[in-house]
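Please read the structure below before turning to the comments.
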Amino acid sequence: MSMQEAERCGIRIGRRRFLTVGVAAAGAAILPRSAAKATEETEMKPPVGFMTDPIYLRHITGDGHPEHPQRLTAIIDQLKKSGVWKSLQQIPARDATMDQIRAAQDEKYIQTVIRDVKEGRTGLSTGDTVICSDSLAAAIRAVGGVLAAGDAVMSGKVASAFCAVRPPGHHATRSRGMGFCIFNNVAALARYLQKQHKLSRVLIVDWDVHHGNGTQDIFYEDGSVMYFSTHQHPMYPGTGLPEEIGSGKGKGCIINCPLARGSGDREILAAFDEQLLPAAKKFKPEFVIISAGFDARQQDSLGGLNVTDSGFAQLTERVVAIANEFSGGKLVSVLEGGYNLAGLALAAESHVRAMS
Ligand SMILES: [Zn+2]
């Protein structure tokens, strides 16, 4: 990214004194914190938040569909079994308003979703998203729950938060639901943070095995939201090449790191260290959002990458360090994919542990 492109992205260079820990020089590894500092932070730090809602289980996709309600119950059961659950602060979900959804989706598309559900269709007329009679209600509360998690972080009630939501969102463009997604939850949160909490720069980090074409589409010409994605390529939906860098004010604020099938911890961590860290250092996000897709995990039923549970912990540590460095630790992670139930549950546990 050139200085000119950086300025178009709202990047301020040389106006902030760096903290002594966290993100080191561009491309370098993150320095370990001293034990004393870590202890001090642990004692003072608010808990990690967890947001989910029973209505997410009523988005029924049918037998044999990989994106099914048991995905959420598997995560919750694992967090309870492992003992992590009791350290989490529950965040109640709420319904998003239509205005909050309109921040990421076209009015015409929202009306299409309302009509498709009302007519009892089994799939969105825009593409490959299965729906049922409760799907609209679930999608509205998925957006609203994610916004509630954003509020909880902004208020300081929780240090950061994980949102176990369905339907997922990162394939939803402004005008089209696709790839199991109805409304783009992370895009709505980025816009909400800017409008409601007056933030200028938001970073979205997407490690789902699929490229988040919808999120990229929504912010392609924006410049105030940086979108970074690692994903398997070639793969659905086919977008996410390195030359897709944004345009206009958004030029340089879209960063795509396609990975070959079979890539694992080494390759994905290298992308984070060599591409995300220097970009984040220039962008200086005021809030960080993760599109947390655990279908990049080894043995996923749809993905072909080999990220381990330890790898997800290390990715989380990288993003937490960026949030600590630039955003006062403000971070919300939102579930996207992940289709091997046992693997999804273990990877999510590893991720949530590494957030605290
Ligand atoms: Zn995915």
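Each chain of the structure tokens is named A, B, ... in the order shown, its residues numbered from 1; ligands are numbered from 1 in display order.
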>> List the spatial neighbours of range 52-64 of chain A as number ranges by chain - criterion: any atom at most 9 Å away, only C-alpha atoms, same-chain residues fewer than 3 positions off excluded.
In response: A: 67-70, 72-73, 90-94, 122, 129-139, 141-142, 145-146, 162-167
>> So that I can see what lies close to range 312-325 of chain A, please list as a list in words the residues with an atom at most 6 Å from it, counting only C-alpha atoms and leaving out residues fewer than 4 positions away in the same chain.
In response: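 The neighbour list is Gly22, Gly329, Lys330, Ser350, His351 and Ala354 of chain A.
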Those residues you just picked out, can you put them in a file as a JSON list (two decimals), in the first residue's frame with C-alpha atoms?
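The file below, selection00.json, is the result:
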[["chain", "number", "residue", "atom", "x", "y", "z"],
["A", 22, "GLY", "CA", 1.73, -6.11, 21.10],
["A", 329, "GLY", "CA", -8.67, -4.53, 23.15],
["A", 330, "LYS", "CA", -12.12, -4.03, 21.60],
["A", 350, "SER", "CA", -9.52, -23.03, 21.56],
["A", 351, "HIS", "CA", -10.49, -19.66, 20.04],
["A", 354, "ALA", "CA", -7.30, -17.54, 23.57]]
Contacts of chain A with ligand 1 up to 9 Å, shortest pair per row, only C-alpha atoms and all ligand atoms, as a tab-separated table:
residue	atom	partner	partner_atom_place_in_ligand_line	distance
A:Pro168	CA	ligand 1	1 (Zn)	8.9
A:His170	CA	ligand 1	1 (Zn)	8.5
A:His171	CA	ligand 1	1 (Zn)	8.7
A:Gly179	CA	ligand 1	1 (Zn)	8.2
A:Trp207	CA	ligand 1	1 (Zn)	8.7
A:Asp208	CA	ligand 1	1 (Zn)	4.9
A:Val209	CA	ligand 1	1 (Zn)	5.0
A:His210	CA	ligand 1	1 (Zn)	4.4
A:His211	CA	ligand 1	1 (Zn)	7.4
A:Gly212	CA	ligand 1	1 (Zn)	8.1
A:His231	CA	ligand 1	1 (Zn)	8.6
A:Tyr236	CA	ligand 1	1 (Zn)	8.7
A:Gly293	CA	ligand 1	1 (Zn)	5.7
A:Phe294	CA	ligand 1	1 (Zn)	7.5
A:Asp295	CA	ligand 1	1 (Zn)	5.6
A:Ala296	CA	ligand 1	1 (Zn)	7.6
A:Leu302	CA	ligand 1	1 (Zn)	7.9
A:Gly303	CA	ligand 1	1 (Zn)	7.5
A:Glu336	CA	ligand 1	1 (Zn)	6.4
A:Gly337	CA	ligand 1	1 (Zn)	4.2
A:Gly338	CA	ligand 1	1 (Zn)	6.6
A:Tyr339	CA	ligand 1	1 (Zn)	8.6
Selected residues, C-alpha atoms, written as a CSV table (one decimal), in the first residue's frame, please.
chain,number,residue,atom,x,y,z
A,168,PRO,CA,-23.8,-17.0,9.1
A,170,HIS,CA,-20.1,-13.2,5.2
A,171,HIS,CA,-21.3,-14.4,1.8
A,179,GLY,CA,-23.7,-19.5,0.7
A,207,TRP,CA,-10.3,-16.8,8.5
A,208,ASP,CA,-13.2,-18.9,7.2
A,209,VAL,CA,-12.1,-21.4,4.6
A,210,HIS,CA,-14.3,-19.6,2.1
A,211,HIS,CA,-13.7,-16.1,0.9
A,212,GLY,CA,-16.2,-13.6,2.4
A,231,HIS,CA,-9.3,-18.6,2.4
A,236,TYR,CA,-16.6,-21.4,-3.5
A,293,GLY,CA,-15.1,-19.7,10.3
A,294,PHE,CA,-13.9,-23.0,11.7
A,295,ASP,CA,-14.2,-24.7,8.3
A,296,ALA,CA,-10.6,-23.9,7.8
A,302,LEU,CA,-16.4,-28.8,3.4
A,303,GLY,CA,-13.0,-27.3,3.7
A,336,GLU,CA,-19.3,-18.1,10.2
A,337,GLY,CA,-18.7,-21.7,9.0
A,338,GLY,CA,-17.4,-24.9,10.5
A,339,TYR,CA,-19.1,-28.2,9.6
I'd like the neighbourhood of Tyr220 in chain A as a PDB file with C-alpha atoms, in the first residue's frame, where a residue qualifies if any of its atoms comes within 10 Å (using only C-alpha atoms), though same-chain residues fewer than 2 positions away should be ignored.
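File produced: out.pdb:
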ATOM      1  CA  ASN A 213     -17.266 -12.142  -0.912  1.00  0.00           C
ATOM      2  CA  GLY A 214     -20.242 -10.369   0.657  1.00  0.00           C
ATOM      3  CA  THR A 215     -18.182  -8.452   3.200  1.00  0.00           C
ATOM      4  CA  GLN A 216     -15.664  -7.558   0.510  1.00  0.00           C
ATOM      5  CA  ASP A 217     -18.474  -6.373  -1.769  1.00  0.00           C
ATOM      6  CA  ILE A 218     -20.012  -4.139   0.881  1.00  0.00           C
ATOM      7  CA  ASP A 222     -15.334   2.270   1.373  1.00  0.00           C
ATOM      8  CA  GLY A 223     -11.929   2.919   2.923  1.00  0.00           C
ATOM      9  CA  VAL A 225     -13.435  -0.634   6.942  1.00  0.00           C
ATOM     10  CA  MET A 226     -10.424  -2.807   6.219  1.00  0.00           C
ATOM     11  CA  TYR A 227     -11.240  -6.383   5.170  1.00  0.00           C
ATOM     12  CA  GLU A 244      -8.781  -7.660  -5.467  1.00  0.00           C
ATOM     13  CA  ILE A 245      -7.580  -4.734  -3.329  1.00  0.00           C
ATOM     14  CA  GLY A 246     -10.582  -2.407  -3.282  1.00  0.00           C
ATOM     15  CA  SER A 247     -11.205   0.631  -5.455  1.00  0.00           C
ATOM     16  CA  GLY A 248     -11.718   4.357  -5.097  1.00  0.00           C
ATOM     17  CA  LYS A 249     -11.516   5.324  -1.429  1.00  0.00           C
ATOM     18  CA  GLY A 250     -11.296   1.619  -0.592  1.00  0.00           C
ATOM     19  CA  LYS A 251      -8.174   0.939  -2.625  1.00  0.00           C
ATOM     20  CA  GLY A 252      -5.675  -0.881  -0.432  1.00  0.00           C
ATOM     21  CA  CYS A 253      -8.236  -1.662   2.285  1.00  0.00           C
ATOM     22  CA  ILE A 254      -9.147  -5.096   0.906  1.00  0.00           C
TER      23      ILE A 254
END
>> Between A:Asp95, A:Glu274, A:Glu286, A:Asp116, which residue has the minimum interatomic distance to Ala148 in chain A, considering only C-alpha atoms?
In response: A:Asp95
> Which polymer residues have any atom within 10 Å of an atom of Lys157 in chain A, counting only C-alpha atoms, with same-chain residues fewer than 2 positions away left out, as number ranges by chain?
Replying inline: A: 45-49, 89, 91, 149, 151-155, 159-160
> Hey, which of A:Leu277, A:Pro285, A:Glu243, A:Ser229 ends up closest to Leu259 in chain A? Count only C-alpha atoms.
Replying inline: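 Closest to Leu259 in chain A, using only C-alpha atoms: A:Ser229.
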> Could you state the separation of CA of Leu241 in chain A and CA of Phe326 in chain A in Å, given to one decimal place?
Replying inline: 27.4 Å
